[in-house]
Amino acid sequence: MSMLVLEDVHTHYGKIEALHGVSVEVNKGEIVSLIGANGAGKTTLLMTVCGMPQASSGRIILEGRDITNEPTAQIMRSGLAIVPEGRRIFSGLTVEENLHMGGFFTSKSEIRKNQAHVYELFPRLKEREHQRAGTMSGGEQQMLAIGRALMSNPHMIILDEPSLGLAPLIIKQIFEIIGHLRDEGITVFLVEQNAHQALHLADRGYVLETGKIRLHDTGKNLLENPDVQNAYLGG
Amino acid sequence: MAANNMRHALFCAIVTLIISFPILGLSLEAKGVNITLSGAKTSTYVAIVLAAVAVFVFQTFRDTFMGALGKLPNFNPLAGREPMEQTKRVKLESWLLTGIVVFALFWPFLVSRGSVDLATLVLIYIMLALGLNVVVGLAGLLDLGYVAFYAVGAYTFALLSQYTGISFWMALPIGALLAGLTGMILGFPVLRLRGDYLAIVTLGFGEIIRILLNNWTTLTGGPNGIGGIPEPTLFGMEFGRRVKEEGNTSFHETFGIAYSGEHKVIFLYLIALVLAVITALIIRRFMRMPVGRAWEALREDEIAARSLGLSRTAVKLSAFTIGAFFAGFAGTVFASKQGFISPESFVFLESAIILAIVVLGGMGSQLGVILAAIAVTILPELAREFSEYRMLIFGAAMVLMMVWRPQGLLPVRRIQITLNKQG
Ligand SMILES: Nc1ncnc2c1ncn2[C@@H]1O[C@H](COP(=O)(O)OP(=O)(O)O)[C@@H](O)[C@H]1O
Ligand SMILES: [Mg+2]
């Protein structure tokens with residue numbers, strides 16, 4: 001029942017190794033959180049799943065299919081979607097056009113249906129439908145990034161620090177939506193520095209330190225783990 | 001900071017000296033079998049030193065100059081104005097474009113033959129610039145060898161007419177398709193390069209194609225070019241005094257009017273006009289289609305676009321191929337208009353002019369590109385005594401544009417795409 005499996009994955013930037021043999025498993029219907037300090041390699045891990053950069057050794061299995069050596073375009077068209085670090089919305093395009101880009105490989109009727117669904121989740125986006133995405137607030141842009149990822153009917157969604165730089169009230173809203181996505185049956189793989197909220201929400205969690213998995217356990221146990229409390233939850 | 005500036009300025013001045021001295025100050029002279037190196041006139045040396053001093057002064061006070069240039073927008077009456085509402089602007093641009101086309105339809109009957117001939121050239125540049133606009137303005141790929149595809153279109157027609165006697169109307173799609181195919185083949189290996197590397201490689205391609213045309217004498221006639229390229233016909237009617245092709249009739253005899261050389265010029269102009277309008281409409285269509293948004297998305301954020309499953313190569317290649325296709329289109333018209341082509345018509349300067357039009361026109365805006373094409377082609381004709389300084393003026397204009405109005409004369413106005421609400 002696993003959605004995504006990473007087996008002993010190594011990733012290099014040029015000659016520098018950023019992931020030193022990482023193994024992670026995400027089961028269908030779960031929320032799994034990955035926490036770790038700045039520079040631990042969290043973004044690298046997520047991007048390796050997407051094939052940019054590709055793993056230099058190890059295996060990545062998505063829904064039973066070996067995607068280790070597949071090109072990014074192919075991986076991202078097969079039920080996986082990412083909300084990248086720093087949102088990366090298309091700031092010159094309108095909100096609606098951004099959403100349509102997310103549904104690039106689906107039919108017109110699917111786009112219409114998914115767009116309505118995204119507006120239901122984020123009524124704010126509906127209000128800003130014809131506005132240039134770059135003129136919106138950080139929170140609205142993050143909502144758009146999540147909405148855009150949902151446009152492709154993903155089975156699994158990967159989020160890279162969706163709470164970064166946002167106000168507490170917005171963060172709360174975003175985490176609520178993430179919980180809601182799981183209830184809709186979408187598997188969630190969440191990277192956060194905001195460890196407390198991320199572990200609270202998660203079924204299971206992993207702790208990444210300098211390119212290696214240090215710990216993995218249920219979200220609840222990790223929250224109570226003294227090492228985790230010292231390092232990531234402010235003691 | 002100041003010391004740093006001085007050092008930098010001194011360095012630039014020395015580089016100026018090192019570069020300009022051998023180029024301007026020395027020349028090789030052949031005296032019989034011997035080649036001697038001789039110096040230039042004293043005035044040239046003075047000019048070189050003055051240039052170096054000018055570079056030094058400019059670099060020293062560079063920040064002040066550039067700061068002052070940056071303040072120029074304050075003098076621009078339009079600078080502080082609120083941008084017009086998008087739907088309004090789309091409507092306004094459509095009306096303006098329609099107005100221009102209607103005017104352009106009647107205009108040739110009112111002016112001299114020379115003006116119509118020049119206007120045909122303007123239309124060819126408009127086609128070229130609209131095509132390059134897809135590559136540079138929309139997809140963000142800096143192509144400095146665009147003229148290569150123009151050459152492919154022109155030579156396709158010239159060669160086919162020479163060897164098979166093909167007509168203009170047959171050659172038009174073939175030339176465009178072959179140019180598009182060339183774009184696809186050349187684009188495939190290079191489009192993974194980014195920015196400056198792509199610019200350099202495409203520049204190389206442009207030159208390679210020109211050199212190939214120049215040296216493959218047996219096929220292309222080399223520098224002598226190819227002549228006798230037929231003019232377009234209208235339903236089998238020719239516009240010359242005598243009918244050249246068997247089976248054709250002549251225009252003036254069919255209609256029982258006196259022969260006039262003007263008929264041909266106006267006819268060519270009208271063909272170029274129709275083809276330019278078709279080019280603009282097709283490209284507008286592309287811009288509204290998903291592929292058009294994919295060009296923009298990839299230009300704006302490559303990682304985001306790829307993470308949505310877009311294939312970088314496929315998206316870039318589509319823009320490159322479509323751009324090349326329209327260059328071939330324009331090339332066929334050009335060959336037919338000139339009746340004679342040689343590699344000299346396809347030098348790097350042409351690529352630079354077309355690029356200048358796209359940049360001046362505001363990278364992406366069609367109306368802007370059309371106005372810029374008119375300005376860039378006609379101004380040098382109006383001020384003939386300055387024509388030697390054409391590139392200098394272009395260069396200065398482009399630098400000023402980058403500082404003063406980086407978005408172009410008429411910045412790109414994005415066409416907004418909405419799905420019809422009901423399925
Ligand atoms: N594009 C890159 N090129 C080279 N090194 C990189 C690149 N991206 C990240 N790194 C390095 O890889 C390590 C992990 O970075 P990253 O995955 O961004 O960490 P995190 O997301 O946990 O903050 C860091 O040492 C970083 O400097
Ligand atoms: Mg990161």
# chains A, B, ... in the order shown; residues from 1 in each chain; ligands from 1
>>> residues_near_ligand(ligand="ligand 2", cutoff="10 Å", atoms="only C-alpha atoms and all ligand atoms", output="MDAnalysis selection string")
chainID A and resid 36:47 84:86 160:161 164 191:193
>>> write_last_selection(atoms="N, CA and C atoms", output="tab-separated table (two decimals), in the first residue's frame")
chain	number	residue	atom	x	y	z
A	36	GLY	N	13.65	19.09	9.37
A	36	GLY	CA	15.10	19.16	9.38
A	36	GLY	C	15.54	20.61	9.30
A	37	ALA	N	16.79	20.86	9.71
A	37	ALA	CA	17.30	22.23	9.73
A	37	ALA	C	17.53	22.74	8.31
A	38	ASN	N	17.79	24.01	8.23
A	38	ASN	CA	18.15	24.63	6.96
A	38	ASN	C	19.37	23.94	6.36
A	39	GLY	N	19.30	23.59	5.11
A	39	GLY	CA	20.46	22.98	4.46
A	39	GLY	C	20.60	21.50	4.70
A	40	ALA	N	19.62	20.88	5.38
A	40	ALA	CA	19.71	19.45	5.66
A	40	ALA	C	19.55	18.62	4.38
A	41	GLY	N	18.87	19.18	3.39
A	41	GLY	CA	18.67	18.44	2.14
A	41	GLY	C	17.22	18.10	1.88
A	42	LYS	N	16.31	18.80	2.58
A	42	LYS	CA	14.88	18.49	2.42
A	42	LYS	C	14.41	18.79	0.99
A	43	THR	N	14.74	20.00	0.52
A	43	THR	CA	14.34	20.37	-0.83
A	43	THR	C	14.97	19.44	-1.85
A	44	THR	N	16.24	19.11	-1.63
A	44	THR	CA	16.93	18.20	-2.53
A	44	THR	C	16.19	16.87	-2.62
A	45	LEU	N	15.75	16.39	-1.46
A	45	LEU	CA	15.05	15.10	-1.44
A	45	LEU	C	13.77	15.17	-2.29
A	46	LEU	N	12.99	16.23	-2.08
A	46	LEU	CA	11.73	16.36	-2.83
A	46	LEU	C	11.99	16.51	-4.32
A	47	MET	N	12.98	17.33	-4.66
A	47	MET	CA	13.24	17.57	-6.08
A	47	MET	C	13.80	16.31	-6.75
A	84	PRO	N	6.26	23.83	-4.96
A	84	PRO	CA	7.69	23.99	-4.75
A	84	PRO	C	8.02	25.03	-3.69
A	85	GLU	N	9.26	24.94	-3.19
A	85	GLU	CA	9.75	25.91	-2.22
A	85	GLU	C	9.70	27.31	-2.85
A	86	GLY	N	9.22	28.27	-2.09
A	86	GLY	CA	9.14	29.64	-2.61
A	86	GLY	C	8.00	29.83	-3.58
A	160	ASP	N	6.70	21.81	-0.21
A	160	ASP	CA	7.99	22.21	0.32
A	160	ASP	C	7.84	23.52	1.08
A	161	GLU	N	7.82	23.41	2.42
A	161	GLU	CA	7.71	24.56	3.31
A	161	GLU	C	6.60	25.53	2.92
A	164	LEU	N	6.32	28.98	4.93
A	164	LEU	CA	7.46	29.89	4.99
A	164	LEU	C	7.05	31.34	4.76
A	191	VAL	N	7.13	18.89	3.73
A	191	VAL	CA	8.40	19.32	4.31
A	191	VAL	C	8.17	20.61	5.07
A	192	GLU	N	8.67	20.69	6.29
A	192	GLU	CA	8.44	21.89	7.10
A	192	GLU	C	9.61	22.17	8.02
A	193	GLN	N	9.83	23.46	8.26
A	193	GLN	CA	10.71	23.83	9.37
A	193	GLN	C	9.85	24.11	10.59
>>> residues_around(residues="stretch 145-157 of chain A", least_positions_apart="2", cutoff="7 Å", atoms="only C-alpha atoms", output="ChimeraX atom specification")
/A:79-83,87,89,98-99,102-103,106,111,114-115,118,141-143,159,186-189
>>> residues_around(residues="stretch 31-33 of chain A", least_positions_apart="4", cutoff="8 Å", atoms="only C-alpha atoms", output="PyMOL selection string")
chain A and resi 26+182+187-192+198-199+201-206+219
>>> select_by_dssp(residues="stretch 43-120 of chain A", states="alpha helix (DSSP H)", output="MDAnalysis selection string")
chainID A and resid 43:49 72:76 95:102 108:120
>>> closest_residue(among="A:Thr94, A:Ser2, A:Gln54, A:Asn69", to="chain B", atoms="only C-alpha atoms")
A:Thr94
>>> residues_around(residues="stretch 11-14 of chain B", least_positions_apart="4", cutoff="9 Å", atoms="only C-alpha atoms", output="PyMOL selection string")
chain B and resi 6-7+18-19+51-57+59
>>> write_last_selection(atoms="N, CA and C atoms", output="compact mmCIF listing (two decimals), in the first residue's frame")
# COMPACT_ATOMS: atom_id res chain seq x y z
N MET B 6 37.68 53.94 -10.32
CA MET B 6 38.83 54.43 -11.09
C MET B 6 39.57 53.27 -11.71
N ARG B 7 39.79 52.22 -10.90
CA ARG B 7 40.54 51.09 -11.40
C ARG B 7 39.80 50.44 -12.57
N ILE B 18 43.74 48.73 -26.54
CA ILE B 18 44.26 47.47 -27.06
C ILE B 18 43.42 46.99 -28.24
N ILE B 19 42.11 47.18 -28.15
CA ILE B 19 41.25 46.69 -29.23
C ILE B 19 41.31 47.61 -30.44
N ALA B 51 39.00 58.47 -27.72
CA ALA B 51 37.99 57.46 -27.42
C ALA B 51 38.29 56.80 -26.09
N ALA B 52 39.59 56.48 -25.87
CA ALA B 52 39.97 55.85 -24.61
C ALA B 52 39.69 56.77 -23.44
N VAL B 53 39.99 58.07 -23.63
CA VAL B 53 39.73 59.04 -22.56
C VAL B 53 38.22 59.11 -22.30
N ALA B 54 37.44 59.11 -23.38
CA ALA B 54 35.97 59.17 -23.23
C ALA B 54 35.48 57.96 -22.44
N VAL B 55 36.01 56.78 -22.77
CA VAL B 55 35.61 55.57 -22.05
C VAL B 55 35.97 55.71 -20.57
N PHE B 56 37.19 56.25 -20.32
CA PHE B 56 37.66 56.41 -18.94
C PHE B 56 36.73 57.34 -18.16
N VAL B 57 36.40 58.47 -18.77
CA VAL B 57 35.55 59.45 -18.09
C VAL B 57 34.16 58.85 -17.84
N GLN B 59 33.28 55.71 -17.58
CA GLN B 59 33.30 54.65 -16.58
C GLN B 59 33.49 55.22 -15.17
>>> interface_residues(of="chain A", to="chain B", cutoff="7 Å", atoms="only C-alpha atoms", output="PDB file with N, CA, C and O atoms, in the first residue's frame")
ATOM      1  N   THR A  72      11.654  14.346 -15.801  1.00  0.00           N
ATOM      2  CA  THR A  72      10.710  15.086 -14.967  1.00  0.00           C
ATOM      3  C   THR A  72       9.311  15.160 -15.589  1.00  0.00           C
ATOM      4  O   THR A  72       8.306  14.934 -14.911  1.00  0.00           O
ATOM      5  N   ALA A  73       9.274  15.478 -16.889  1.00  0.00           N
ATOM      6  CA  ALA A  73       7.975  15.665 -17.531  1.00  0.00           C
ATOM      7  C   ALA A  73       7.101  14.421 -17.376  1.00  0.00           C
ATOM      8  O   ALA A  73       5.898  14.512 -17.139  1.00  0.00           O
ATOM      9  N   GLN A  74       7.740  13.260 -17.485  1.00  0.00           N
ATOM     10  CA  GLN A  74       6.981  12.011 -17.398  1.00  0.00           C
ATOM     11  C   GLN A  74       6.516  11.747 -15.967  1.00  0.00           C
ATOM     12  O   GLN A  74       5.373  11.367 -15.737  1.00  0.00           O
ATOM     13  N   MET A  76       5.952  13.915 -13.592  1.00  0.00           N
ATOM     14  CA  MET A  76       4.965  14.875 -13.112  1.00  0.00           C
ATOM     15  C   MET A  76       3.614  14.739 -13.819  1.00  0.00           C
ATOM     16  O   MET A  76       2.661  15.399 -13.459  1.00  0.00           O
ATOM     17  N   ARG A  77       3.553  13.900 -14.840  1.00  0.00           N
ATOM     18  CA  ARG A  77       2.270  13.686 -15.502  1.00  0.00           C
ATOM     19  C   ARG A  77       1.585  12.424 -14.998  1.00  0.00           C
ATOM     20  O   ARG A  77       0.594  11.991 -15.567  1.00  0.00           O
ATOM     21  N   ILE A  82       3.711  18.869  -7.150  1.00  0.00           N
ATOM     22  CA  ILE A  82       4.543  19.484  -6.112  1.00  0.00           C
ATOM     23  C   ILE A  82       4.174  20.953  -5.946  1.00  0.00           C
ATOM     24  O   ILE A  82       3.842  21.633  -6.916  1.00  0.00           O
ATOM     25  N   ARG A  88       6.807  29.761  -6.440  1.00  0.00           N
ATOM     26  CA  ARG A  88       7.054  29.706  -7.883  1.00  0.00           C
ATOM     27  C   ARG A  88       5.791  29.752  -8.732  1.00  0.00           C
ATOM     28  O   ARG A  88       5.615  28.975  -9.671  1.00  0.00           O
ATOM     29  N   PHE A  90       3.422  31.674 -11.544  1.00  0.00           N
ATOM     30  CA  PHE A  90       3.778  32.476 -12.712  1.00  0.00           C
ATOM     31  C   PHE A  90       3.224  33.881 -12.486  1.00  0.00           C
ATOM     32  O   PHE A  90       2.035  34.131 -12.679  1.00  0.00           O
ATOM     33  N   GLU A  97      -5.163  31.722 -15.172  1.00  0.00           N
ATOM     34  CA  GLU A  97      -4.206  31.122 -16.104  1.00  0.00           C
ATOM     35  C   GLU A  97      -3.205  30.234 -15.382  1.00  0.00           C
ATOM     36  O   GLU A  97      -2.794  29.189 -15.901  1.00  0.00           O
ATOM     37  N   GLY A 102      -1.665  24.449 -14.363  1.00  0.00           N
ATOM     38  CA  GLY A 102      -1.619  23.255 -13.518  1.00  0.00           C
ATOM     39  C   GLY A 102      -2.365  22.090 -14.140  1.00  0.00           C
ATOM     40  O   GLY A 102      -2.005  20.928 -13.964  1.00  0.00           O
ATOM     41  N   SER A 109     -12.989  19.816 -19.603  1.00  0.00           N
ATOM     42  CA  SER A 109     -14.035  19.620 -18.597  1.00  0.00           C
ATOM     43  C   SER A 109     -13.406  19.345 -17.225  1.00  0.00           C
ATOM     44  O   SER A 109     -13.911  19.798 -16.200  1.00  0.00           O
TER      45      SER A 109
END
>>> select_by_dssp(residues="stretch 80-274 of chain B", states="strand (DSSP E)", output="PyMOL selection string")
chain B and resi 237-238+249-250
>>> write_last_selection(atoms="N, CA, C and O atoms", output="PDB file, in the first residue's frame")
ATOM      1  N   MET B 237      -2.421  34.882 -63.959  1.00  0.00           N
ATOM      2  CA  MET B 237      -2.122  36.095 -64.723  1.00  0.00           C
ATOM      3  C   MET B 237      -0.785  36.646 -64.268  1.00  0.00           C
ATOM      4  O   MET B 237      -0.535  36.788 -63.074  1.00  0.00           O
ATOM      5  N   GLU B 238       0.067  36.969 -65.241  1.00  0.00           N
ATOM      6  CA  GLU B 238       1.359  37.554 -64.901  1.00  0.00           C
ATOM      7  C   GLU B 238       1.274  39.067 -64.996  1.00  0.00           C
ATOM      8  O   GLU B 238       0.430  39.611 -65.695  1.00  0.00           O
ATOM      9  N   THR B 249      -1.605  33.998 -68.623  1.00  0.00           N
ATOM     10  CA  THR B 249      -2.024  35.157 -69.409  1.00  0.00           C
ATOM     11  C   THR B 249      -1.426  36.377 -68.742  1.00  0.00           C
ATOM     12  O   THR B 249      -0.854  36.283 -67.680  1.00  0.00           O
ATOM     13  N   SER B 250      -1.579  37.526 -69.382  1.00  0.00           N
ATOM     14  CA  SER B 250      -1.039  38.702 -68.722  1.00  0.00           C
ATOM     15  C   SER B 250      -2.176  39.552 -68.188  1.00  0.00           C
ATOM     16  O   SER B 250      -3.263  39.611 -68.755  1.00  0.00           O
TER      17      SER B 250
END
>>> residues_around(residues="B:Ala373", least_positions_apart="5", cutoff="10 Å", atoms="only C-alpha atoms", output="list in words")
Leu121, Val122, Leu123, Ile124, Tyr125, Ile126, Met127, Leu128, Ala129, Leu130, Ile353, Ile354, Ala356, Ile357, Val358, Leu360, Gly361, Leu367, Gly368 and Ile378 of chain B
>>> write_last_selection(atoms="N, CA and C atoms", output="PDB file, in the first residue's frame")
ATOM      1  N   LEU B 121       8.757  46.001 -48.344  1.00  0.00           N
ATOM      2  CA  LEU B 121       9.880  45.579 -47.515  1.00  0.00           C
ATOM      3  C   LEU B 121       9.515  45.670 -46.028  1.00  0.00           C
ATOM      4  N   VAL B 122       8.820  46.750 -45.669  1.00  0.00           N
ATOM      5  CA  VAL B 122       8.381  46.906 -44.282  1.00  0.00           C
ATOM      6  C   VAL B 122       7.517  45.713 -43.879  1.00  0.00           C
ATOM      7  N   LEU B 123       6.615  45.307 -44.789  1.00  0.00           N
ATOM      8  CA  LEU B 123       5.724  44.187 -44.481  1.00  0.00           C
ATOM      9  C   LEU B 123       6.514  42.901 -44.284  1.00  0.00           C
ATOM     10  N   ILE B 124       7.558  42.727 -45.094  1.00  0.00           N
ATOM     11  CA  ILE B 124       8.398  41.537 -44.926  1.00  0.00           C
ATOM     12  C   ILE B 124       9.064  41.571 -43.551  1.00  0.00           C
ATOM     13  N   TYR B 125       9.558  42.748 -43.156  1.00  0.00           N
ATOM     14  CA  TYR B 125      10.162  42.873 -41.827  1.00  0.00           C
ATOM     15  C   TYR B 125       9.129  42.626 -40.732  1.00  0.00           C
ATOM     16  N   ILE B 126       7.896  43.046 -40.978  1.00  0.00           N
ATOM     17  CA  ILE B 126       6.857  42.799 -39.972  1.00  0.00           C
ATOM     18  C   ILE B 126       6.650  41.297 -39.788  1.00  0.00           C
ATOM     19  N   MET B 127       6.593  40.562 -40.908  1.00  0.00           N
ATOM     20  CA  MET B 127       6.446  39.099 -40.811  1.00  0.00           C
ATOM     21  C   MET B 127       7.602  38.502 -40.031  1.00  0.00           C
ATOM     22  N   LEU B 128       8.825  38.941 -40.384  1.00  0.00           N
ATOM     23  CA  LEU B 128      10.006  38.409 -39.701  1.00  0.00           C
ATOM     24  C   LEU B 128       9.950  38.720 -38.207  1.00  0.00           C
ATOM     25  N   ALA B 129       9.609  39.963 -37.900  1.00  0.00           N
ATOM     26  CA  ALA B 129       9.626  40.373 -36.493  1.00  0.00           C
ATOM     27  C   ALA B 129       8.520  39.672 -35.706  1.00  0.00           C
ATOM     28  N   LEU B 130       7.362  39.469 -36.332  1.00  0.00           N
ATOM     29  CA  LEU B 130       6.287  38.751 -35.632  1.00  0.00           C
ATOM     30  C   LEU B 130       6.742  37.329 -35.316  1.00  0.00           C
ATOM     31  N   ILE B 353      18.784  43.699 -37.034  1.00  0.00           N
ATOM     32  CA  ILE B 353      17.685  44.638 -37.291  1.00  0.00           C
ATOM     33  C   ILE B 353      16.357  44.041 -36.827  1.00  0.00           C
ATOM     34  N   ILE B 354      16.150  42.765 -37.156  1.00  0.00           N
ATOM     35  CA  ILE B 354      14.880  42.138 -36.759  1.00  0.00           C
ATOM     36  C   ILE B 354      14.778  42.086 -35.233  1.00  0.00           C
ATOM     37  N   ALA B 356      16.219  44.143 -33.206  1.00  0.00           N
ATOM     38  CA  ALA B 356      15.993  45.519 -32.748  1.00  0.00           C
ATOM     39  C   ALA B 356      14.506  45.847 -32.812  1.00  0.00           C
ATOM     40  N   ILE B 357      13.847  45.398 -33.879  1.00  0.00           N
ATOM     41  CA  ILE B 357      12.417  45.660 -34.012  1.00  0.00           C
ATOM     42  C   ILE B 357      11.655  45.014 -32.860  1.00  0.00           C
ATOM     43  N   VAL B 358      12.007  43.766 -32.561  1.00  0.00           N
ATOM     44  CA  VAL B 358      11.292  43.056 -31.494  1.00  0.00           C
ATOM     45  C   VAL B 358      11.507  43.749 -30.144  1.00  0.00           C
ATOM     46  N   LEU B 360      12.485  46.931 -29.557  1.00  0.00           N
ATOM     47  CA  LEU B 360      11.842  48.246 -29.541  1.00  0.00           C
ATOM     48  C   LEU B 360      10.334  48.101 -29.403  1.00  0.00           C
ATOM     49  N   GLY B 361       9.799  47.069 -30.040  1.00  0.00           N
ATOM     50  CA  GLY B 361       8.353  46.888 -30.036  1.00  0.00           C
ATOM     51  C   GLY B 361       7.807  46.402 -28.714  1.00  0.00           C
ATOM     52  N   LEU B 367       1.220  44.908 -31.806  1.00  0.00           N
ATOM     53  CA  LEU B 367       1.095  46.273 -32.317  1.00  0.00           C
ATOM     54  C   LEU B 367       2.430  46.988 -32.200  1.00  0.00           C
ATOM     55  N   GLY B 368       3.103  46.778 -31.064  1.00  0.00           N
ATOM     56  CA  GLY B 368       4.405  47.387 -30.852  1.00  0.00           C
ATOM     57  C   GLY B 368       5.397  46.955 -31.915  1.00  0.00           C
ATOM     58  N   ILE B 378      11.769  52.655 -42.033  1.00  0.00           N
ATOM     59  CA  ILE B 378      11.516  53.894 -42.764  1.00  0.00           C
ATOM     60  C   ILE B 378      12.422  55.041 -42.336  1.00  0.00           C
TER      61      ILE B 378
END
>>> atom_distance(atom1="atom CA of B:Val347", atom2="atom CA of B:Leu212")
12.3 Å
